[in-house]
>>> print(open('protein-v3.txt').read())   # compact mmCIF, C-alpha atoms and all ligand atoms
# COMPACT_ATOMS: atom_id res chain seq x y z
CA MET B 1 43.21 91.18 -29.85
CA GLY B 2 43.67 94.68 -28.41
CA PHE B 3 43.94 95.88 -24.81
CA ILE B 4 41.47 95.73 -21.95
CA LEU B 5 41.58 99.18 -20.32
CA VAL B 6 41.15 98.88 -16.54
CA THR B 7 40.41 102.16 -14.77
CA GLY B 8 41.14 102.05 -11.05
CA GLY B 9 43.42 99.05 -11.66
CA ALA B 10 45.78 100.21 -8.88
CA GLY B 11 42.96 99.87 -6.34
CA TYR B 12 41.81 96.91 -4.28
CA ILE B 13 39.32 95.14 -6.57
CA GLY B 14 40.76 96.41 -9.87
CA SER B 15 44.25 95.08 -9.11
CA HIS B 16 42.85 91.60 -8.41
CA VAL B 17 40.89 91.62 -11.67
CA VAL B 18 44.01 92.73 -13.57
CA LYS B 19 45.88 89.74 -12.16
CA GLU B 20 43.14 87.38 -13.34
CA LEU B 21 43.02 89.00 -16.81
CA LEU B 22 46.81 88.61 -17.17
CA ARG B 23 46.62 85.00 -16.03
CA ARG B 24 44.25 84.41 -18.94
CA ASN B 25 46.61 86.12 -21.38
CA TYR B 26 44.65 89.32 -21.94
CA LYS B 27 46.69 92.43 -22.69
CA VAL B 28 45.88 94.93 -19.97
CA VAL B 29 46.48 98.67 -19.62
CA VAL B 30 45.77 100.20 -16.21
CA LEU B 31 44.70 103.81 -15.79
CA ASP B 32 44.69 105.27 -12.28
CA ASN B 33 45.35 108.69 -10.75
CA LEU B 34 46.82 107.02 -7.62
CA HIS B 35 44.53 109.12 -5.44
CA LYS B 36 43.77 105.93 -3.53
CA GLY B 37 45.56 103.22 -5.48
CA HIS B 38 49.10 101.89 -5.24
CA LYS B 39 51.71 101.63 -7.97
CA LYS B 40 52.94 98.36 -6.47
CA ALA B 41 49.51 96.81 -6.96
CA VAL B 42 49.72 97.25 -10.74
CA LEU B 43 50.88 93.97 -12.26
CA THR B 44 50.85 94.97 -15.92
CA PRO B 45 53.76 96.94 -17.46
CA TYR B 46 51.23 99.15 -19.26
CA PHE B 47 50.32 101.74 -16.66
CA GLU B 48 49.11 105.32 -17.20
CA ILE B 49 48.82 107.74 -14.29
CA VAL B 50 45.86 109.76 -15.51
CA ASP B 51 42.81 111.36 -13.91
CA LEU B 52 39.49 110.55 -15.56
CA LYS B 53 38.38 114.13 -15.01
CA LYS B 54 41.14 115.34 -17.38
CA MET B 55 39.72 114.73 -20.84
CA ASP B 56 42.91 115.68 -22.70
CA SER B 57 45.20 113.25 -20.89
CA LEU B 58 42.49 110.61 -21.11
CA ARG B 59 42.32 111.05 -24.88
CA GLU B 60 46.08 110.42 -25.10
CA VAL B 61 45.53 106.96 -23.57
CA PHE B 62 42.89 106.15 -26.19
CA GLU B 63 45.24 107.40 -28.91
CA LYS B 64 48.17 105.34 -27.62
CA TYR B 65 46.49 101.93 -27.11
CA ASP B 66 44.26 99.82 -29.28
CA ILE B 67 41.46 99.17 -26.77
CA ASP B 68 38.79 96.47 -27.17
CA ALA B 69 36.92 96.87 -23.89
CA VAL B 70 36.88 98.93 -20.70
CA MET B 71 36.50 97.75 -17.11
CA HIS B 72 35.65 100.76 -14.98
CA PHE B 73 36.57 100.47 -11.27
CA ALA B 74 37.81 104.03 -10.70
CA ALA B 75 35.51 105.84 -8.30
CA LEU B 76 35.35 107.47 -4.92
CA SER B 77 33.54 105.05 -2.63
CA THR B 78 33.42 106.19 0.98
CA VAL B 79 29.80 106.55 2.00
CA ALA B 80 30.31 109.03 4.85
CA GLU B 81 32.62 111.26 2.80
CA SER B 82 30.07 111.32 -0.03
CA MET B 83 27.57 112.96 2.35
CA LYS B 84 30.08 115.68 3.22
CA GLU B 85 31.41 116.34 -0.27
CA PRO B 86 28.65 115.53 -2.78
CA PHE B 87 30.19 117.65 -5.56
CA LYS B 88 33.45 115.70 -5.40
CA TYR B 89 31.54 112.41 -5.68
CA TYR B 90 29.29 113.45 -8.56
CA GLU B 91 32.21 115.07 -10.36
CA ASN B 92 34.48 112.04 -10.02
CA ASN B 93 31.97 109.22 -10.42
CA ILE B 94 29.67 110.81 -13.02
CA LEU B 95 31.81 113.29 -14.95
CA GLY B 96 34.89 111.04 -14.87
CA GLY B 97 32.80 108.13 -16.13
CA LEU B 98 31.14 110.24 -18.83
CA ASN B 99 34.53 111.30 -20.18
CA LEU B 100 35.35 107.64 -20.53
CA LEU B 101 32.08 106.86 -22.34
CA GLU B 102 32.55 109.79 -24.73
CA LEU B 103 36.00 108.56 -25.71
CA MET B 104 34.69 105.04 -26.12
CA ARG B 105 32.09 106.44 -28.51
CA GLU B 106 34.72 108.45 -30.37
CA TYR B 107 37.07 105.44 -30.70
CA ASN B 108 34.21 103.02 -31.41
CA ILE B 109 34.78 100.76 -28.38
CA LYS B 110 31.64 98.80 -27.56
CA TYR B 111 32.19 96.78 -24.37
CA PHE B 112 32.05 98.11 -20.83
CA ILE B 113 32.03 96.51 -17.38
CA PHE B 114 30.92 98.76 -14.53
CA SER B 115 31.56 98.46 -10.76
CA SER B 116 28.18 99.21 -9.24
CA THR B 117 27.12 98.55 -5.67
CA ALA B 118 24.48 97.24 -3.31
CA ALA B 119 24.22 100.87 -2.17
CA VAL B 120 21.94 101.57 -5.18
CA TYR B 121 19.10 99.76 -3.36
CA GLY B 122 19.12 101.67 -0.08
CA GLU B 123 17.10 100.14 2.75
CA PRO B 124 15.88 96.79 1.39
CA GLN B 125 12.19 95.92 1.33
CA VAL B 126 12.99 92.22 0.86
CA VAL B 127 16.10 90.09 1.35
CA PRO B 128 17.76 88.46 -0.53
CA ILE B 129 17.63 91.52 -2.80
CA PRO B 130 16.90 90.79 -6.48
CA GLU B 131 18.14 93.11 -9.26
CA ASP B 132 14.64 94.50 -9.88
CA HIS B 133 14.24 95.61 -6.26
CA PRO B 134 13.33 99.35 -5.99
CA LYS B 135 16.38 101.64 -6.04
CA ASN B 136 16.35 104.25 -3.29
CA PRO B 137 19.96 105.05 -2.40
CA THR B 138 20.40 106.56 1.05
CA ASN B 139 23.67 108.32 0.25
CA VAL B 140 25.39 110.31 -2.52
CA TYR B 141 27.81 107.47 -3.26
CA GLY B 142 24.95 105.06 -4.07
CA SER B 143 23.13 107.79 -5.96
CA SER B 144 26.19 108.49 -8.14
CA LYS B 145 26.42 104.80 -9.06
CA LEU B 146 22.70 104.57 -9.85
CA MET B 147 22.85 107.70 -12.02
CA PHE B 148 25.76 106.22 -13.92
CA GLU B 149 23.81 103.00 -14.53
CA GLU B 150 21.08 105.13 -16.09
CA ILE B 151 23.61 106.93 -18.28
CA LEU B 152 24.90 103.54 -19.42
CA SER B 153 21.44 102.43 -20.48
CA TRP B 154 21.10 105.53 -22.70
CA TYR B 155 24.53 104.98 -24.24
CA ASP B 156 23.39 101.47 -25.05
CA GLU B 157 20.14 102.74 -26.58
CA ILE B 158 21.81 105.49 -28.62
CA TYR B 159 25.26 104.09 -29.47
CA LYS B 160 24.84 100.32 -28.91
CA LEU B 161 27.40 100.37 -26.12
CA ARG B 162 27.12 96.91 -24.53
CA TYR B 163 27.69 96.92 -20.82
CA VAL B 164 27.44 94.76 -17.72
CA SER B 165 26.83 96.52 -14.44
CA LEU B 166 27.94 94.42 -11.48
CA ARG B 167 26.39 95.42 -8.17
CA TYR B 168 28.86 94.12 -5.62
CA PHE B 169 27.84 93.56 -2.05
CA ASN B 170 30.79 93.56 0.41
CA ALA B 171 34.09 92.70 -1.26
CA ALA B 172 36.49 90.87 1.06
CA GLY B 173 39.66 88.77 1.12
CA ALA B 174 42.85 88.93 -0.89
CA ASP B 175 44.79 87.23 -3.65
CA LEU B 176 45.38 83.60 -2.63
CA GLU B 177 49.06 83.79 -3.60
CA GLY B 178 49.55 86.71 -1.21
CA GLU B 179 50.69 89.08 -3.95
CA LEU B 180 47.84 91.60 -3.60
CA GLY B 181 45.62 92.80 -0.79
CA GLU B 182 43.34 95.52 0.54
CA ASP B 183 45.03 98.80 1.51
CA HIS B 184 42.51 101.64 1.70
CA ARG B 185 43.59 104.89 3.38
CA PRO B 186 41.84 105.63 5.56
CA GLU B 187 40.46 102.11 5.99
CA THR B 188 36.71 102.10 6.62
CA HIS B 189 35.84 98.46 5.89
CA LEU B 190 35.05 96.06 8.69
CA ILE B 191 37.33 93.07 7.97
CA PRO B 192 40.63 94.96 7.46
CA ILE B 193 39.91 97.08 10.54
CA VAL B 194 39.28 93.96 12.62
CA LEU B 195 42.57 92.46 11.38
CA LYS B 196 44.50 95.68 12.03
CA THR B 197 43.18 95.49 15.58
CA ALA B 198 44.50 91.93 15.81
CA LEU B 199 47.89 93.23 14.65
CA GLY B 200 47.83 95.79 17.46
CA GLN B 201 47.61 98.77 15.09
CA ARG B 202 44.29 99.75 16.63
CA GLU B 203 43.20 99.52 20.23
CA TYR B 204 39.77 98.02 19.52
CA ILE B 205 37.19 97.49 16.80
CA GLU B 206 34.19 99.73 17.32
CA ILE B 207 30.90 98.01 16.51
CA TYR B 208 28.63 100.57 14.86
CA GLY B 209 25.31 99.85 16.54
CA THR B 210 24.12 96.93 18.66
CA ASP B 211 20.38 97.73 18.59
CA TYR B 212 19.54 96.73 15.01
CA PRO B 213 16.56 94.40 14.43
CA THR B 214 18.85 91.40 13.83
CA PRO B 215 19.42 88.30 16.00
CA ASP B 216 22.50 89.75 17.77
CA GLY B 217 21.68 93.43 17.28
CA THR B 218 24.51 94.14 14.80
CA CYS B 219 24.30 94.76 11.03
CA ILE B 220 24.28 91.85 8.62
CA ARG B 221 26.23 91.95 5.34
CA ASP B 222 26.87 89.59 2.45
CA TYR B 223 30.62 89.18 1.88
CA ILE B 224 32.12 88.06 -1.43
CA HIS B 225 35.70 86.99 -2.05
CA VAL B 226 37.59 89.39 -4.33
CA VAL B 227 38.84 86.41 -6.37
CA ASP B 228 35.24 85.29 -7.02
CA LEU B 229 34.47 88.88 -8.01
CA ALA B 230 37.37 88.79 -10.46
CA GLU B 231 36.03 85.61 -12.05
CA ALA B 232 32.62 87.24 -12.54
CA HIS B 233 34.23 90.17 -14.39
CA ILE B 234 35.91 87.85 -16.86
CA LEU B 235 32.70 85.88 -17.45
CA ALA B 236 30.83 89.16 -18.04
CA LEU B 237 33.46 90.45 -20.46
CA GLU B 238 33.54 87.23 -22.44
CA ALA B 239 29.74 87.09 -22.59
CA LEU B 240 29.73 90.59 -24.11
CA PHE B 241 32.37 89.52 -26.63
CA ASP B 242 30.10 86.59 -27.48
CA GLY B 243 27.20 88.92 -28.23
CA MET B 244 25.28 89.14 -24.94
CA ARG B 245 23.08 92.25 -24.58
CA SER B 246 23.63 94.66 -21.71
CA GLU B 247 22.86 93.26 -18.26
CA VAL B 248 22.83 94.15 -14.59
CA PHE B 249 23.84 91.53 -12.01
CA ASN B 250 24.13 91.39 -8.23
CA LEU B 251 27.28 89.81 -6.85
CA GLY B 252 27.11 88.37 -3.38
CA ASN B 253 26.91 84.98 -1.69
CA GLU B 254 23.27 85.05 -0.62
CA ARG B 255 24.36 84.59 2.97
CA GLY B 256 24.61 87.23 5.67
CA TYR B 257 27.06 87.54 8.57
CA SER B 258 26.54 89.96 11.44
CA VAL B 259 29.35 92.25 12.59
CA ARG B 260 29.74 90.09 15.71
CA GLU B 261 29.92 86.91 13.60
CA VAL B 262 32.64 88.49 11.45
CA ILE B 263 34.65 89.34 14.56
CA ASN B 264 34.19 85.81 15.98
CA ILE B 265 35.39 84.18 12.77
CA ALA B 266 38.33 86.60 12.61
CA GLU B 267 39.30 85.63 16.17
CA LYS B 268 39.35 81.99 15.07
CA VAL B 269 41.53 82.83 12.05
CA VAL B 270 44.08 84.92 13.96
CA GLY B 271 43.98 82.70 17.05
CA GLN B 272 43.52 85.50 19.56
CA LYS B 273 40.82 87.61 21.19
CA ILE B 274 40.12 90.92 19.40
CA PRO B 275 39.10 93.83 21.66
CA ILE B 276 35.74 95.39 20.78
CA LYS B 277 33.92 98.55 21.78
CA GLU B 278 30.17 98.84 21.35
CA GLY B 279 29.43 102.18 19.69
CA GLN B 280 26.63 104.16 18.06
CA ARG B 281 25.07 103.38 14.70
CA ARG B 282 26.86 104.79 11.65
CA LEU B 283 24.62 107.09 9.61
CA GLY B 284 23.04 105.45 6.55
CA ASP B 285 23.83 101.80 7.37
CA PRO B 286 20.94 99.47 6.45
CA ALA B 287 20.39 96.69 9.04
CA ILE B 288 20.61 93.81 6.55
CA LEU B 289 22.03 93.57 3.02
CA ILE B 290 21.96 90.16 1.38
CA ALA B 291 22.16 89.60 -2.37
CA SER B 292 20.19 87.33 -4.55
CA SER B 293 22.84 86.17 -7.03
CA ASN B 294 20.56 83.78 -8.91
CA LYS B 295 20.66 85.80 -12.06
CA ILE B 296 24.42 85.81 -12.60
CA LYS B 297 24.60 82.11 -11.69
CA LYS B 298 21.96 81.33 -14.28
CA VAL B 299 23.00 83.65 -17.10
CA LEU B 300 26.81 83.62 -16.79
CA LYS B 301 27.17 80.29 -14.94
CA TRP B 302 29.13 82.09 -12.23
CA GLN B 303 29.90 79.84 -9.25
CA PRO B 304 31.72 81.29 -6.25
CA LYS B 305 34.60 79.10 -5.06
CA PHE B 306 35.45 80.91 -1.82
CA ASN B 307 32.07 81.65 -0.26
CA ASP B 308 33.22 80.59 3.18
CA LEU B 309 33.87 83.70 5.29
CA GLU B 310 36.73 81.98 7.10
CA ILE B 311 38.58 81.56 3.78
CA MET B 312 37.98 85.23 2.92
CA ILE B 313 39.31 86.40 6.28
CA SER B 314 42.27 83.97 6.16
CA SER B 315 43.39 85.26 2.77
CA ALA B 316 43.13 88.86 4.00
CA TRP B 317 45.06 87.90 7.16
CA ASN B 318 47.83 86.19 5.17
CA TRP B 319 48.43 89.33 3.18
CA MET B 320 48.18 91.64 6.16
CA LYS B 321 50.62 89.58 8.25
CA LYS B 322 53.15 89.80 5.43
CA HIS B 323 52.40 93.47 4.73
CA PRO B 324 51.38 95.06 8.03
CA PHE B 325 51.78 98.52 6.49
CA GLY B 326 50.18 97.60 3.18
CA TYR B 327 51.92 98.64 -0.01
CA SER B 328 54.01 101.34 1.64
CA GLU B 329 56.73 99.10 3.10
N1 LIG N 1 35.14 97.52 -1.87
C1 LIG N 1 33.84 97.20 -1.92
O1 LIG N 1 33.35 96.45 -1.05
C2 LIG N 1 32.96 97.69 -3.02
C3 LIG N 1 31.61 97.35 -3.00
C4 LIG N 1 30.77 97.79 -4.02
C5 LIG N 1 31.28 98.53 -5.07
N2 LIG N 1 32.60 98.87 -5.09
C6 LIG N 1 33.11 99.66 -6.25
O2 LIG N 1 34.19 98.93 -6.82
C7 LIG N 1 35.16 99.84 -7.35
C8 LIG N 1 36.53 99.49 -6.78
O3 LIG N 1 36.48 99.55 -5.35
P1 LIG N 1 37.80 99.39 -4.48
O4 LIG N 1 37.37 98.98 -3.13
O5 LIG N 1 38.77 98.59 -5.24
O6 LIG N 1 38.27 100.92 -4.40
P2 LIG N 1 39.74 101.52 -4.44
O7 LIG N 1 39.64 102.91 -3.90
O8 LIG N 1 40.71 100.59 -3.84
O9 LIG N 1 40.04 101.61 -6.01
C9 LIG N 1 39.57 102.65 -6.83
C10 LIG N 1 40.74 103.16 -7.66
O10 LIG N 1 40.27 104.18 -8.55
C11 LIG N 1 41.23 105.22 -8.58
N3 LIG N 1 40.51 106.44 -8.98
C12 LIG N 1 39.49 107.04 -8.32
N4 LIG N 1 39.09 108.14 -8.98
C13 LIG N 1 39.86 108.24 -10.10
C14 LIG N 1 39.93 109.15 -11.18
N5 LIG N 1 39.14 110.22 -11.24
N6 LIG N 1 40.84 108.94 -12.16
C15 LIG N 1 41.66 107.87 -12.11
N7 LIG N 1 41.64 106.96 -11.11
C16 LIG N 1 40.76 107.16 -10.11
C17 LIG N 1 41.82 105.27 -7.19
O11 LIG N 1 43.09 105.87 -7.15
C18 LIG N 1 41.85 103.78 -6.81
O12 LIG N 1 43.08 103.18 -7.15
C19 LIG N 1 34.67 101.23 -7.00
O13 LIG N 1 34.01 101.74 -8.14
C20 LIG N 1 33.68 101.00 -5.86
O14 LIG N 1 32.69 102.00 -5.85
C21 LIG N 1 33.45 98.47 -4.09
O1 LIG N 2 34.78 99.96 12.12
C1 LIG N 2 33.76 99.44 11.68
C2 LIG N 2 33.51 99.34 10.29
C3 LIG N 2 32.31 98.78 9.87
N1 LIG N 2 31.40 98.33 10.77
C4 LIG N 2 30.15 97.71 10.31
O2 LIG N 2 30.47 96.63 9.48
C5 LIG N 2 29.54 96.48 8.41
C6 LIG N 2 30.29 96.51 7.10
O3 LIG N 2 30.81 97.82 6.89
P1 LIG N 2 31.81 98.19 5.71
O4 LIG N 2 32.18 99.62 5.91
O5 LIG N 2 32.88 97.17 5.66
O6 LIG N 2 30.94 98.03 4.36
P2 LIG N 2 29.45 98.60 4.02
O7 LIG N 2 28.48 97.53 4.34
O8 LIG N 2 29.26 99.94 4.58
O9 LIG N 2 29.51 98.69 2.41
C7 LIG N 2 29.04 99.83 1.67
O10 LIG N 2 30.09 100.53 1.16
C8 LIG N 2 30.95 99.80 0.30
C9 LIG N 2 31.95 100.78 -0.22
O11 LIG N 2 32.77 101.22 0.78
C10 LIG N 2 30.21 99.15 -0.84
O12 LIG N 2 29.89 100.07 -1.85
C11 LIG N 2 28.96 98.47 -0.40
O13 LIG N 2 28.16 98.13 -1.52
C12 LIG N 2 28.17 99.36 0.51
O14 LIG N 2 27.05 98.67 1.00
C13 LIG N 2 28.56 97.65 8.56
O15 LIG N 2 27.44 97.18 9.21
C14 LIG N 2 29.29 98.64 9.46
O16 LIG N 2 28.43 99.40 10.27
C15 LIG N 2 31.63 98.42 12.13
O17 LIG N 2 30.81 98.00 12.95
N2 LIG N 2 32.81 98.97 12.55
>>> encode(input="protein-v3.txt", output="structure tokens", more="lines below")
Ligand SMILES: NC(=O)c1ccc[n+]([C@@H]2O[C@H](COP(=O)([O-])OP(=O)(O)OC[C@H]3O[C@@H](n4cnc5c(N)ncnc54)[C@H](O)[C@@H]3O)[C@@H](O)[C@H]2O)c1
Ligand SMILES: O=c1ccn([C@@H]2O[C@H](COP(=O)(O)OP(=O)(O)O[C@H]3O[C@H](CO)[C@H](O)[C@H](O)[C@H]3O)[C@@H](O)[C@H]2O)c(=O)[nH]1
Amino acid sequence: MGFILVTGGAGYIGSHVVKELLRRNYKVVVLDNLHKGHKKAVLTPYFEIVDLKKMDSLREVFEKYDIDAVMHFAALSTVAESMKEPFKYYENNILGGLNLLELMREYNIKYFIFSSTAAVYGEPQVVPIPEDHPKNPTNVYGSSKLMFEEILSWYDEIYKLRYVSLRYFNAAGADLEGELGEDHRPETHLIPIVLKTALGQREYIEIYGTDYPTPDGTCIRDYIHVVDLAEAHILALEALFDGMRSEVFNLGNERGYSVREVINIAEKVVGQKIPIKEGQRRLGDPAILIASSNKIKKVLKWQPKFNDLEIMISSAWNWMKKHPFGYSE
């Protein structure tokens, strides 16, 4: 058995998946440019600091390792930034990904797992959102992921590249052994910001909009534990190895929590009141995003183990308490 190449394996979700792959005795090589990732989050000794946009250095990685499959997490993923710097997003997420696919073709590697997103759907017409829901991204980030899904389907058609595209909803939580966690800079995600407020690193958590058409006026999201995400990646990879055709799956828990509910549960976890400030809506935020995850449960027999938001927040809190400054201590 050769290596699983994990791009973006120094990042939040990639590092957790690497840990799970290693636990199951896969050989793993991580490729990351460390633009956002952290060296300390890389648990495999095989680590290449390479930018996907640099075809020549990328080719050296394919020359050096015998690769059986690729898991592709590397991407830029901040919605607001994508609307200010579209070129950067299309260049990184499309061109970077295409370089990878071209080398896979050249080196005859047939299996690919892609980190897609709920942002491909845009404003939902129905919730829970099924995979065949219309795709109308409302930002460049979501558009770049949708375009890449289309590219993948042509690589399948032309070169028989077998892929699974996993459309994650809101990834949350941290490694249950406290070895890995979420350390985005700047942090834009709700749960880590709420917890940083509890730690006193921020004065308050600003709620982006309290006039949404939801029961308490704040946005509703479907959170999924990063360890359950990791499990889904392994199931997808092994299904491809067993001959499954290319597939697209949502990954969420089919249950929504409002921003206020998230803050309330976080207060329970940390055992203190967390100061809030009611602010304006953030541009491009849909009111409600909830996944239908029926398909992956049926086809891959995926069963989330940590679908309780309190468990997700507790695991994130455990890591953050131990690492208040993330990986930079
Ligand atoms: N966090 C979420 O809730 C969420 C939800 C849906 C989809 N996703 C997708 O999942 C993937 C992982 O997300 P994350 O939260 O772990 O992000 P992250 O920023 O923590 O990890 C991404 C990693 O990719 C690396 N990278 C980016 N561009 C690169 C390039 N050109 N060459 C080499 N390395 C590069 C970064 O340095 C970083 O370590 C992304 O593709 C993201 O779009 C995340
Ligand atoms: O300081 C904050 C941060 C967030 N929010 C709210 O909390 C909810 C969750 O926001 P996140 O930024 O944590 O995540 P998003 O729902 O924006 O997630 C989107 O961006 C992610 C990548 O960053 C994924 O790609 C995901 O699929 C896509 O829907 C949103 O309603 C947001 O408005 C606040 O009220 N205050």
>>> closest_atom_pairs(input="protein-v3.txt", of="chain B", to="ligand LIG 1 (chain N)", cutoff="6 Å", atoms="all atoms listed in the file", output="Markdown table")
| residue | atom | partner | partner_atom | distance |
| --- | --- | --- | --- | --- |
| B:Gly8 | CA | N:LIG1 | O10 | 3.4 |
| B:Ala10 | CA | N:LIG1 | O12 | 4.4 |
| B:Gly11 | CA | N:LIG1 | O12 | 3.4 |
| B:Tyr12 | CA | N:LIG1 | O5 | 3.6 |
| B:Ile13 | CA | N:LIG1 | O5 | 3.7 |
| B:Gly14 | CA | N:LIG1 | O5 | 5.5 |
| B:Asp32 | CA | N:LIG1 | N7 | 3.7 |
| B:Asn33 | CA | N:LIG1 | C15 | 4.0 |
| B:Leu34 | CA | N:LIG1 | O11 | 3.9 |
| B:His35 | CA | N:LIG1 | O11 | 3.9 |
| B:Lys36 | CA | N:LIG1 | O11 | 3.7 |
| B:Gly37 | CA | N:LIG1 | O12 | 3.0 |
| B:Val50 | CA | N:LIG1 | C15 | 5.7 |
| B:Asp51 | CA | N:LIG1 | N6 | 3.6 |
| B:Leu52 | CA | N:LIG1 | N6 | 4.0 |
| B:Lys53 | CA | N:LIG1 | N5 | 5.5 |
| B:Phe73 | CA | N:LIG1 | C7 | 4.2 |
| B:Ala74 | CA | N:LIG1 | O10 | 3.3 |
| B:Ala75 | CA | N:LIG1 | C12 | 4.2 |
| B:Leu76 | CA | N:LIG1 | C12 | 5.4 |
| B:Ser77 | CA | N:LIG1 | O14 | 4.5 |
| B:Asn92 | CA | N:LIG1 | N5 | 5.1 |
| B:Gly96 | CA | N:LIG1 | N5 | 5.6 |
| B:Ser115 | CA | N:LIG1 | O2 | 4.8 |
| B:Ser116 | CA | N:LIG1 | C5 | 5.2 |
| B:Thr117 | CA | N:LIG1 | C4 | 4.1 |
| B:Tyr168 | CA | N:LIG1 | C4 | 4.4 |
| B:Phe169 | CA | N:LIG1 | C3 | 5.4 |
| B:Asn170 | CA | N:LIG1 | O1 | 4.1 |
| B:Ala171 | CA | N:LIG1 | O1 | 3.8 |
| B:His184 | CA | N:LIG1 | O8 | 5.9 |
>>> closest_atom_pairs(input="protein-v3.txt", of="chain B", to="ligand LIG 2 (chain N)", cutoff="9 Å", atoms="all atoms listed in the file", output="tab-separated table")
residue	atom	partner	partner_atom	distance
B:Leu76	CA	N:LIG2	O11	8.8
B:Ser77	CA	N:LIG2	C9	5.2
B:Thr78	CA	N:LIG2	O11	5.0
B:Val79	CA	N:LIG2	O10	6.1
B:Ser116	CA	N:LIG2	O12	7.6
B:Thr117	CA	N:LIG2	O13	4.3
B:Ala118	CA	N:LIG2	O13	4.2
B:Ala119	CA	N:LIG2	O14	4.8
B:Val120	CA	N:LIG2	O13	8.0
B:Gly122	CA	N:LIG2	O14	8.5
B:Tyr141	CA	N:LIG2	O12	7.8
B:Gly142	CA	N:LIG2	O12	7.4
B:Arg167	CA	N:LIG2	O13	7.4
B:Tyr168	CA	N:LIG2	O13	5.8
B:Phe169	CA	N:LIG2	O13	4.6
B:Asn170	CA	N:LIG2	C11	5.3
B:Ala171	CA	N:LIG2	C10	7.5
B:Ala172	CA	N:LIG2	O5	8.6
B:Glu187	CA	N:LIG2	O1	8.6
B:Thr188	CA	N:LIG2	O4	5.2
B:His189	CA	N:LIG2	O5	3.2
B:Leu190	CA	N:LIG2	O5	3.9
B:Ile191	CA	N:LIG2	O5	6.5
B:Pro192	CA	N:LIG2	O5	8.3
B:Ile193	CA	N:LIG2	O1	6.1
B:Val194	CA	N:LIG2	O1	7.5
B:Ile205	CA	N:LIG2	O1	5.8
B:Glu206	CA	N:LIG2	N2	5.0
B:Ile207	CA	N:LIG2	O17	3.6
B:Tyr208	CA	N:LIG2	O17	3.9
B:Gly209	CA	N:LIG2	O17	6.8
B:Thr210	CA	N:LIG2	O17	8.9
B:Thr218	CA	N:LIG2	O15	7.0
B:Cys219	CA	N:LIG2	O15	4.4
B:Ile220	CA	N:LIG2	O15	6.2
B:Arg221	CA	N:LIG2	O7	6.1
B:Asp222	CA	N:LIG2	O7	8.3
B:Tyr223	CA	N:LIG2	O7	9.0
B:Ser258	CA	N:LIG2	O15	7.6
B:Val259	CA	N:LIG2	O2	5.5
B:Arg260	CA	N:LIG2	O17	8.4
B:Val262	CA	N:LIG2	O2	8.7
B:Glu278	CA	N:LIG2	O17	8.5
B:Gly279	CA	N:LIG2	O17	8.1
B:Arg281	CA	N:LIG2	O16	6.8
B:Arg282	CA	N:LIG2	O16	5.8
B:Leu283	CA	N:LIG2	O16	8.6
B:Gly284	CA	N:LIG2	O8	8.5
B:Asp285	CA	N:LIG2	O16	5.9
B:Pro286	CA	N:LIG2	O15	7.4
B:Ala287	CA	N:LIG2	O15	7.1
B:Ile288	CA	N:LIG2	O15	8.1
B:Leu289	CA	N:LIG2	O14	7.4
>>> atom_distance(input="protein-v3.txt", atom1="atom CA of Ile311 of chain B", atom2="atom CA of Gly173 of chain B")
7.8 Å
>>> residues_around(input="protein-v3.txt", residues="Lys19 of chain B", least_positions_apart="4", cutoff="9 Å", atoms="all atoms listed in the file", output="number ranges by chain")
B: 14-15, 23-24, 42-44, 175, 180, 230
>>> closest_residue(input="protein-v3.txt", among="B:Tyr159, B:Gly217, B:Glu203, B:Val126", to="Lys277 of chain B", atoms="all atoms listed in the file")
B:Glu203
>>> closest_residue(input="protein-v3.txt", among="B:Phe114, B:Phe62, B:Phe249, B:Tyr163", to="Asn294 of chain B", atoms="all atoms listed in the file")
B:Phe249
>>> axis_aligned_box(input="protein-v3.txt", around="segment 67-73 of chain B", padding_each_side="8 Å", output="AutoDock Vina command-line options")
--center_x 38.6 --center_y 98.6 --center_z -19.2 --size_x 21.8 --size_y 20.3 --size_z 31.9
>>> residues_around(input="protein-v3.txt", residues="segment 314-327 of chain B", least_positions_apart="3", cutoff="7 Å", atoms="all atoms listed in the file", output="PyMOL selection string")
chain B and resi 38+40+173-176+178+181+183+195+269+310-311
>>> atom_distance(input="protein-v3.txt", atom1="atom CA of Gln303 of chain B", atom2="atom CA of Val6 of chain B")
23.3 Å
>>> closest_residue(input="protein-v3.txt", among="B:Ala80, B:Phe241, B:Glu157, B:Val227", to="Asp68 of chain B", atoms="only C-alpha atoms")
B:Phe241
>>> closest_residue(input="protein-v3.txt", among="B:Ser292, B:Gly243, B:Lys145, B:Pro134", to="Ser82 of chain B", atoms="all atoms listed in the file")
B:Lys145
>>> atom_distance(input="protein-v3.txt", atom1="atom CA of Thr214 of chain B", atom2="atom CA of Gly256 of chain B")
10.8 Å
